[in-house]
>>> print(open('work31.cif').read())   # mmCIF, C-alpha atoms (C1' of nucleotides)
data_run
loop_
_atom_site.label_atom_id
_atom_site.label_comp_id
_atom_site.auth_asym_id
_atom_site.auth_seq_id
_atom_site.Cartn_x
_atom_site.Cartn_y
_atom_site.Cartn_z
CA MET A 1 90.37 158.16 37.84
CA ILE A 2 90.52 161.80 37.08
CA ARG A 3 91.95 163.27 40.21
CA ARG A 4 95.58 162.39 40.66
CA ASP A 5 97.19 163.79 43.70
CA VAL A 6 99.06 162.04 46.45
CA PHE A 7 96.41 162.75 49.07
CA GLN A 8 93.83 161.03 46.94
CA ALA A 9 96.19 158.20 46.11
CA ILE A 10 96.86 157.17 49.69
CA ALA A 11 93.21 157.44 50.67
CA ASP A 12 92.53 153.93 49.42
CA PRO A 13 93.53 151.04 51.73
CA THR A 14 94.41 148.76 48.83
CA ARG A 15 96.79 151.35 47.45
CA ARG A 16 98.39 151.79 50.85
CA GLU A 17 98.83 148.04 50.96
CA ILE A 18 100.47 148.10 47.54
CA ILE A 19 102.80 150.80 48.79
CA SER A 20 103.59 148.73 51.83
CA ILE A 21 104.38 145.64 49.79
CA LEU A 22 106.50 147.45 47.23
CA SER A 23 108.37 149.45 49.82
CA ASP A 24 109.65 146.15 51.10
CA GLN A 25 110.50 144.71 47.74
CA SER A 26 109.87 145.45 44.09
CA SER A 27 107.56 143.01 42.40
CA ASN A 28 106.02 142.22 39.06
CA LEU A 29 102.31 142.63 38.64
CA ASN A 30 101.48 138.96 38.98
CA ASP A 31 103.22 138.57 42.30
CA LEU A 32 101.78 141.84 43.49
CA ILE A 33 98.28 140.79 42.55
CA SER A 34 98.66 137.49 44.36
CA ASN A 35 98.58 139.47 47.60
CA PHE A 36 95.00 140.53 47.02
CA GLN A 37 91.65 138.92 46.61
CA ILE A 38 90.37 141.40 44.07
CA SER A 39 90.77 140.83 40.36
CA ARG A 40 93.86 141.54 38.30
CA PRO A 41 92.46 144.59 36.49
CA ALA A 42 91.42 146.04 39.83
CA VAL A 43 94.95 145.87 41.17
CA ALA A 44 96.32 147.05 37.83
CA LYS A 45 94.14 150.13 38.07
CA HIS A 46 95.44 150.93 41.52
CA VAL A 47 98.96 150.48 40.24
CA ARG A 48 98.26 152.86 37.41
CA ILE A 49 96.90 155.48 39.77
CA LEU A 50 99.93 155.20 42.01
CA GLN A 51 102.12 155.42 38.96
CA GLU A 52 100.34 158.49 37.66
CA CYS A 53 100.89 160.40 40.84
CA GLY A 54 104.51 159.35 40.96
CA LEU A 55 104.45 156.92 43.86
CA LEU A 56 105.76 154.02 41.86
CA LYS A 57 107.62 153.29 38.67
CA VAL A 58 106.83 150.45 36.31
CA GLU A 59 109.77 148.89 34.55
CA LYS A 60 109.04 146.86 31.45
CA GLN A 61 111.10 143.70 31.50
CA GLY A 62 110.21 141.30 28.75
CA ARG A 63 106.56 140.50 29.15
CA GLU A 64 106.67 141.42 32.80
CA ARG A 65 106.11 144.76 34.49
CA ILE A 66 108.20 145.26 37.57
CA CYS A 67 106.77 147.77 40.02
CA HIS A 68 109.12 149.79 42.16
CA ALA A 69 108.12 152.03 45.02
CA ARG A 70 109.18 155.62 44.43
CA LEU A 71 107.80 157.36 47.46
CA ASP A 72 109.51 160.71 47.25
CA ASN A 73 106.17 162.38 46.73
CA LEU A 74 105.06 161.26 50.16
CA GLY A 75 107.16 164.19 51.27
CA GLU A 76 104.26 166.38 50.24
CA ILE A 77 102.08 164.60 52.78
CA ALA A 78 104.80 164.76 55.39
CA LEU A 79 105.15 168.49 54.96
CA TRP A 80 101.42 169.07 55.01
CA VAL A 81 100.96 167.10 58.20
CA HIS A 82 103.99 168.67 59.72
CA GLN A 83 102.54 172.15 59.56
CA TYR A 84 99.93 171.00 62.08
CA ARG A 85 102.45 169.36 64.37
CA LYS A 86 101.42 171.41 67.38
CA PHE A 87 98.12 169.54 67.31
CA TRP A 88 99.64 166.10 67.64
CA ASN A 89 102.51 166.79 69.97
CA LYS A 90 102.10 163.65 72.01
CA ARG A 91 102.59 161.52 68.97
CA LEU A 92 105.32 163.84 67.81
CA ASP A 93 107.35 163.00 70.87
CA ALA A 94 107.40 159.35 69.89
CA LEU A 95 108.09 160.26 66.30
CA GLU A 96 111.03 162.43 67.14
CA GLU A 97 112.40 159.84 69.49
CA GLN A 98 112.26 157.43 66.60
CA LEU A 99 114.00 159.88 64.33
CA LYS A 100 116.91 160.08 66.71
CA LYS A 101 117.18 156.32 66.97
CA ASP A 102 117.01 156.03 63.21
CA ASN A 103 119.87 158.44 62.88
CA LYS A 104 122.11 156.61 65.29
CA SER A 105 121.52 153.16 63.83
CA SER A 106 120.91 154.25 60.27
CA ASN A 107 122.06 150.96 58.81
CA GLU A 108 119.53 148.54 60.30
CA ASN A 109 116.57 148.76 57.99
CA SER A 110 113.72 146.36 58.70
CA ALA A 111 110.67 147.40 56.72
CA LYS A 112 107.20 146.83 58.19
CA MET B 1 79.82 159.07 53.47
CA ILE B 2 80.40 155.61 54.70
CA ARG B 3 84.12 155.39 55.03
CA ARG B 4 85.45 157.48 57.84
CA ASP B 5 89.16 157.39 58.33
CA VAL B 6 91.66 160.17 58.43
CA PHE B 7 93.27 159.23 55.14
CA GLN B 8 89.95 159.53 53.40
CA ALA B 9 89.12 162.72 55.24
CA ILE B 10 92.17 164.65 54.10
CA ALA B 11 91.85 163.43 50.53
CA ASP B 12 89.40 166.18 49.72
CA PRO B 13 90.83 169.66 49.01
CA THR B 14 87.85 171.42 50.53
CA ARG B 15 88.30 169.52 53.76
CA ARG B 16 92.01 170.35 53.82
CA GLU B 17 91.03 173.97 53.35
CA ILE B 18 88.60 173.72 56.27
CA ILE B 19 91.38 172.24 58.37
CA SER B 20 93.67 175.06 57.34
CA ILE B 21 91.15 177.73 58.24
CA LEU B 22 90.20 176.21 61.58
CA SER B 23 93.78 175.52 62.55
CA ASP B 24 94.29 179.24 62.45
CA GLN B 25 91.15 180.15 64.31
CA SER B 26 87.95 178.49 65.46
CA SER B 27 84.88 179.64 63.63
CA ASN B 28 81.16 179.15 63.52
CA LEU B 29 79.64 177.48 60.51
CA ASN B 30 78.46 180.68 58.87
CA ASP B 31 81.85 182.30 58.91
CA LEU B 32 83.46 179.09 57.81
CA ILE B 33 81.08 178.73 54.91
CA SER B 34 81.75 182.27 53.77
CA ASN B 35 85.20 181.09 52.75
CA PHE B 36 83.80 178.85 50.07
CA GLN B 37 81.75 179.14 46.95
CA ILE B 38 79.90 175.91 47.43
CA SER B 39 76.57 175.76 49.21
CA ARG B 40 76.04 175.66 52.95
CA PRO B 41 74.97 172.03 53.14
CA ALA B 42 78.02 171.05 51.13
CA VAL B 43 80.36 172.65 53.65
CA ALA B 44 78.28 171.31 56.51
CA LYS B 45 78.74 167.80 55.15
CA HIS B 46 82.49 168.22 55.00
CA VAL B 47 82.44 169.49 58.54
CA ARG B 48 80.46 166.48 59.62
CA ILE B 49 82.92 164.12 57.99
CA LEU B 50 85.85 165.84 59.65
CA GLN B 51 83.98 165.69 62.91
CA GLU B 52 83.21 162.01 62.53
CA CYS B 53 86.82 161.09 62.07
CA GLY B 54 87.84 163.27 64.99
CA LEU B 55 89.60 166.10 63.21
CA LEU B 56 87.34 168.77 64.58
CA LYS B 57 84.95 169.36 67.43
CA VAL B 58 81.70 171.24 67.13
CA GLU B 59 80.67 173.25 70.14
CA LYS B 60 77.04 174.21 70.39
CA GLN B 61 76.75 177.81 71.51
CA GLY B 62 73.22 179.14 71.39
CA ARG B 63 72.08 178.80 67.82
CA GLU B 64 75.62 178.76 66.58
CA ARG B 65 77.98 175.87 66.09
CA ILE B 66 81.58 176.74 66.71
CA CYS B 67 84.06 174.49 64.94
CA HIS B 68 87.42 173.85 66.53
CA ALA B 69 90.31 172.04 64.91
CA ARG B 70 91.31 168.95 66.85
CA LEU B 71 94.06 167.53 64.72
CA ASP B 72 95.53 164.93 67.04
CA ASN B 73 94.47 162.21 64.66
CA LEU B 74 96.75 163.61 62.00
CA GLY B 75 99.39 161.80 64.01
CA GLU B 76 98.17 158.64 62.34
CA ILE B 77 99.10 160.10 58.98
CA ALA B 78 102.40 161.36 60.31
CA LEU B 79 103.33 157.94 61.57
CA TRP B 80 102.27 156.23 58.39
CA VAL B 81 104.29 158.57 56.22
CA HIS B 82 107.19 158.38 58.59
CA GLN B 83 107.64 154.67 58.08
CA TYR B 84 108.59 155.44 54.48
CA ARG B 85 110.96 158.21 55.41
CA LYS B 86 113.90 156.59 53.68
CA PHE B 87 112.14 157.32 50.40
CA TRP B 88 111.90 161.03 50.93
CA ASN B 89 115.14 161.73 52.75
CA LYS B 90 115.82 165.06 51.15
CA ARG B 91 112.59 166.45 52.46
CA LEU B 92 113.15 164.66 55.74
CA ASP B 93 116.34 166.58 56.32
CA ALA B 94 114.45 169.83 56.29
CA LEU B 95 111.71 168.36 58.41
CA GLU B 96 114.04 167.06 61.06
CA GLU B 97 115.93 170.32 61.12
CA GLN B 98 112.62 172.01 61.78
CA LEU B 99 111.80 169.55 64.53
CA LYS B 100 114.98 170.41 66.36
CA LYS B 101 114.30 174.11 66.09
CA ASP B 102 110.76 173.61 67.32
CA ASN B 103 112.03 171.85 70.38
CA LYS B 104 114.56 174.48 71.32
CA SER B 105 112.08 177.31 71.05
CA SER B 106 109.10 175.26 72.11
CA ASN B 107 107.32 178.23 73.65
CA GLU B 108 107.03 180.39 70.56
CA ASN B 109 103.94 179.08 68.84
CA SER B 110 102.91 181.13 65.84
CA ALA B 111 100.35 179.21 63.83
CA LYS B 112 100.93 179.48 60.10
"C1'" DA C 1 54.40 186.92 69.53
"C1'" DA C 2 56.31 187.40 65.07
"C1'" DT C 3 60.38 187.46 62.51
"C1'" DA C 4 64.94 186.55 61.33
"C1'" DA C 5 69.27 183.95 61.92
"C1'" DA C 6 71.84 179.71 62.24
"C1'" DT C 7 71.71 175.39 61.49
"C1'" DG C 8 69.95 170.39 60.52
"C1'" DA C 9 67.91 167.07 57.52
"C1'" DA C 10 65.97 165.04 53.54
"C1'" DA C 11 65.53 164.15 48.76
"C1'" DC C 12 67.73 164.25 44.76
"C1'" DC C 13 71.48 164.21 41.04
"C1'" DA C 14 75.84 163.73 38.18
"C1'" DT C 15 80.28 162.12 38.46
"C1'" DT C 16 83.86 159.36 40.40
"C1'" DT C 17 85.38 155.24 42.36
"C1'" DG C 18 86.43 150.58 42.81
"C1'" DG C 19 85.20 146.68 41.20
"C1'" DT C 20 83.86 143.09 37.56
"C1'" DT C 21 84.05 140.21 33.04
"C1'" DT C 22 85.52 139.93 28.42
"C1'" DT C 23 88.60 140.54 24.71
"C1'" DG C 24 93.10 141.73 22.68
"C1'" DT C 25 98.23 142.05 22.47
"C1'" DT C 26 102.94 141.02 23.33
"C1'" DA C 27 106.61 138.01 24.72
"C1'" DA C 28 108.32 133.25 26.22
"C1'" DT C 29 108.17 128.54 25.74
"C1'" DA C 30 107.14 123.68 24.26
"C1'" DT D 1 104.74 127.60 15.02
"C1'" DA D 2 101.30 126.86 18.33
"C1'" DT D 3 100.52 127.64 23.00
"C1'" DT D 4 100.83 129.77 27.20
"C1'" DA D 5 102.03 133.58 30.35
"C1'" DA D 6 101.84 138.42 31.58
"C1'" DC D 7 99.73 142.13 30.84
"C1'" DA D 8 96.54 146.10 28.58
"C1'" DA D 9 92.18 147.84 27.32
"C1'" DA D 10 87.37 148.19 26.94
"C1'" DA D 11 82.73 147.85 28.42
"C1'" DC D 12 80.05 147.63 32.07
"C1'" DC D 13 78.09 148.12 36.97
"C1'" DA D 14 76.87 149.30 41.91
"C1'" DA D 15 77.99 152.20 45.35
"C1'" DA D 16 80.25 156.26 47.20
"C1'" DT D 17 81.17 161.12 46.72
"C1'" DG D 18 80.37 165.85 46.37
"C1'" DG D 19 77.26 168.69 45.17
"C1'" DT D 20 72.40 170.80 44.85
"C1'" DT D 21 67.55 172.56 46.30
"C1'" DT D 22 63.92 172.41 49.51
"C1'" DC D 23 61.95 172.13 53.95
"C1'" DA D 24 62.14 171.89 59.14
"C1'" DT D 25 63.91 173.20 63.69
"C1'" DT D 26 65.96 175.86 67.19
"C1'" DT D 27 67.44 180.21 69.11
"C1'" DA D 28 67.75 185.42 69.11
"C1'" DT D 29 65.82 189.67 68.23
"C1'" DT D 30 62.31 193.27 67.48
#
>>> encode(input="work31.cif", output="structure tokens")
Amino acid sequence: MIRRDVFQAIADPTRREIISILSDQSSNLNDLISNFQISRPAVAKHVRILQECGLLKVEKQGRERICHARLDNLGEIALWVHQYRKFWNKRLDALEEQLKKDNKSSNENSAK
Amino acid sequence: MIRRDVFQAIADPTRREIISILSDQSSNLNDLISNFQISRPAVAKHVRILQECGLLKVEKQGRERICHARLDNLGEIALWVHQYRKFWNKRLDALEEQLKKDNKSSNENSAK
DNA sequence: AATAAATGAAACCATTTGGTTTTGTTAATA
DNA sequence: TATTAACAAAACCAAATGGTTTCATTTATT
């Protein structure tokens, strides 16, 4: 747990799953952990890593810790990938098509 | 070297640097290695990992191995990040603006 | 044919990673 | 106030990671 950049953070599948869950709905640690088979401290460590690289905020609420997705820093990944867009044009077409749709119906927001 | 997915592959700074270099211009291993301070086998291992997850192709040419960037699989990252676009809207605005420009002048392709 | 160049492969090593179990602390609750 | 719930922290561990040095192989070159 020494390196703390967004690229490293999203490399782990469990952390991506945490991101996925929290992007849908904020959750306290207990509920979050109940999604996984691994132990509590294991999940807690992933949460800490995500927190340390700014991908989520932890709000202390009584004895609970509510975790909120704060995914602004994913923009760094988006920009990095985007600079190589000419290499994945086929997929880009679909992506851009999606962007347009999203813009037109920018109210309907079904996560996952 | 057991996990081989694109997320894992781009987590390492050296590998991102290799991608950056090769996206500009294909290169044999020797020339590629000359960009780094680390040993030859170290770079060769990174190359192998990138190769194994489909981010570059190695073309045997005599005793040389020419490495070509094949970054189609970065589309996976792009799509993953894109699903969380609502979290990084500010950056998205710039990105989308760029996308439109790219489409209009889709012939001019100056890498980096 | 001998040598040098370009690379592959193996053995090894320290650190990081992702996990565990155990113990402690803080805040609600009976 | 005693107990329980929610979490933090520490100690530990196996495996993965990123690196090294050494040796082998293939292809050009002299």
>>> interface_residues(input="work31.cif", of="chain C", to="chain B", cutoff="10 Å", atoms="all atoms listed in the file", output="VMD selection string")
chain C and resid 5 to 9
>>> interface_residues(input="work31.cif", of="chain A", to="chain B", cutoff="7 Å", atoms="all atoms listed in the file", output="NGL selection string")
:A and (7-8 or 10-11 or 70-72 or 74-75 or 78 or 81 or 87-88 or 91)
>>> residues_around(input="work31.cif", residues="His68 of chain A", least_positions_apart="4", cutoff="12 Å", atoms="only C-alpha atoms (C1' of nucleotides)", output="number ranges by chain")
A: 18-29, 32, 47, 50-51, 54-60; B: 87
>>> interface_residues(input="work31.cif", of="chain D", to="chain A", cutoff="9 Å", atoms="only C-alpha atoms (C1' of nucleotides)", output="PyMOL selection string")
chain D and resi 5-7
>>> atom_distance(input="work31.cif", atom1="atom CA of Ile49 of chain A", atom2="atom CA of His46 of chain B")
24.5 Å
>>> resolve_selection(input="work31.cif", expression="the PyMOL selection byres ((chain C and resi 25) around 9)", output="list in words")
DG24 and DT26 of chain C; DC7 and DA8 of chain D
>>> atom_distance(input="work31.cif", atom1="atom CA of Thr14 of chain B", atom2="atom CA of Ile38 of chain B")
9.6 Å
>>> axis_aligned_box(input="work31.cif", around="segment 14-29 of chain C", padding_each_side="4 Å", output="lines of an AutoDock Vina configuration file")
center_x = 92.1
center_y = 146.1
center_z = 32.6
size_x = 40.5
size_y = 43.2
size_z = 28.3
>>> resolve_selection(input="work31.cif", expression="the PyMOL selection byres ((chain D and resi 2) around 12)", output="JSON, numbers by chain")
{"C": [29, 30], "D": [1, 3, 4]}
>>> residues_around(input="work31.cif", residues="DA14 of chain C", least_positions_apart="2", cutoff="10 Å", atoms="only C-alpha atoms (C1' of nucleotides)", output="MDAnalysis selection string")
(chainID C and resid 16) or (chainID D and resid 18:19)
>>> atom_distance(input="work31.cif", atom1="atom CA of Lys45 of chain A", atom2="atom C1' of DA28 of chain C")
25.0 Å
>>> resolve_selection(input="work31.cif", expression="the PyMOL selection byres ((chain D and resi 13) around 10)", output="VMD selection string")
(chain C and resid 19 to 20) or (chain D and resid 11 to 12 14 to 15)
>>> closest_residue(input="work31.cif", among="A:Ile66, A:Val43, A:Gln37, A:Asp31", to="DG18 of chain C", atoms="only C-alpha atoms (C1' of nucleotides)")
A:Val43
>>> residues_around(input="work31.cif", residues="DA10 of chain C", least_positions_apart="4", cutoff="12 Å", atoms="only C-alpha atoms (C1' of nucleotides)", output="list in words")
Pro41 of chain B; DT21, DT22, DC23 and DA24 of chain D
>>> closest_residue(input="work31.cif", among="A:Cys67, A:Ile33, A:Ala42, A:Cys53", to="DT21 of chain C", atoms="only C-alpha atoms (C1' of nucleotides)")
A:Ala42
>>> decode(input="work31.cif", residues="segment 70-89 of chain A", atoms="C-alpha atoms", output="compact mmCIF listing (two decimals), in the first residue's frame")
# COMPACT_ATOMS: atom_id res chain seq x y z
CA ARG A 70 -16.19 10.47 -5.66
CA LEU A 71 -14.99 9.47 -9.08
CA ASP A 72 -13.76 12.77 -10.44
CA ASN A 73 -10.25 11.40 -10.55
CA LEU A 74 -11.32 8.83 -13.09
CA GLY A 75 -11.04 11.74 -15.46
CA GLU A 76 -7.30 11.18 -15.37
CA ILE A 77 -7.84 7.70 -16.77
CA ALA A 78 -10.32 8.99 -19.31
CA LEU A 79 -7.86 11.55 -20.57
CA TRP A 80 -5.01 9.08 -20.70
CA VAL A 81 -7.02 6.57 -22.68
CA HIS A 82 -8.41 9.26 -24.88
CA GLN A 83 -5.01 10.25 -26.18
CA TYR A 84 -4.83 6.82 -27.82
CA ARG A 85 -8.31 7.01 -29.27
CA LYS A 86 -7.13 6.47 -32.83
CA PHE A 87 -6.21 2.93 -31.80
CA TRP A 88 -9.67 1.97 -30.66
CA ASN A 89 -11.80 3.77 -33.18
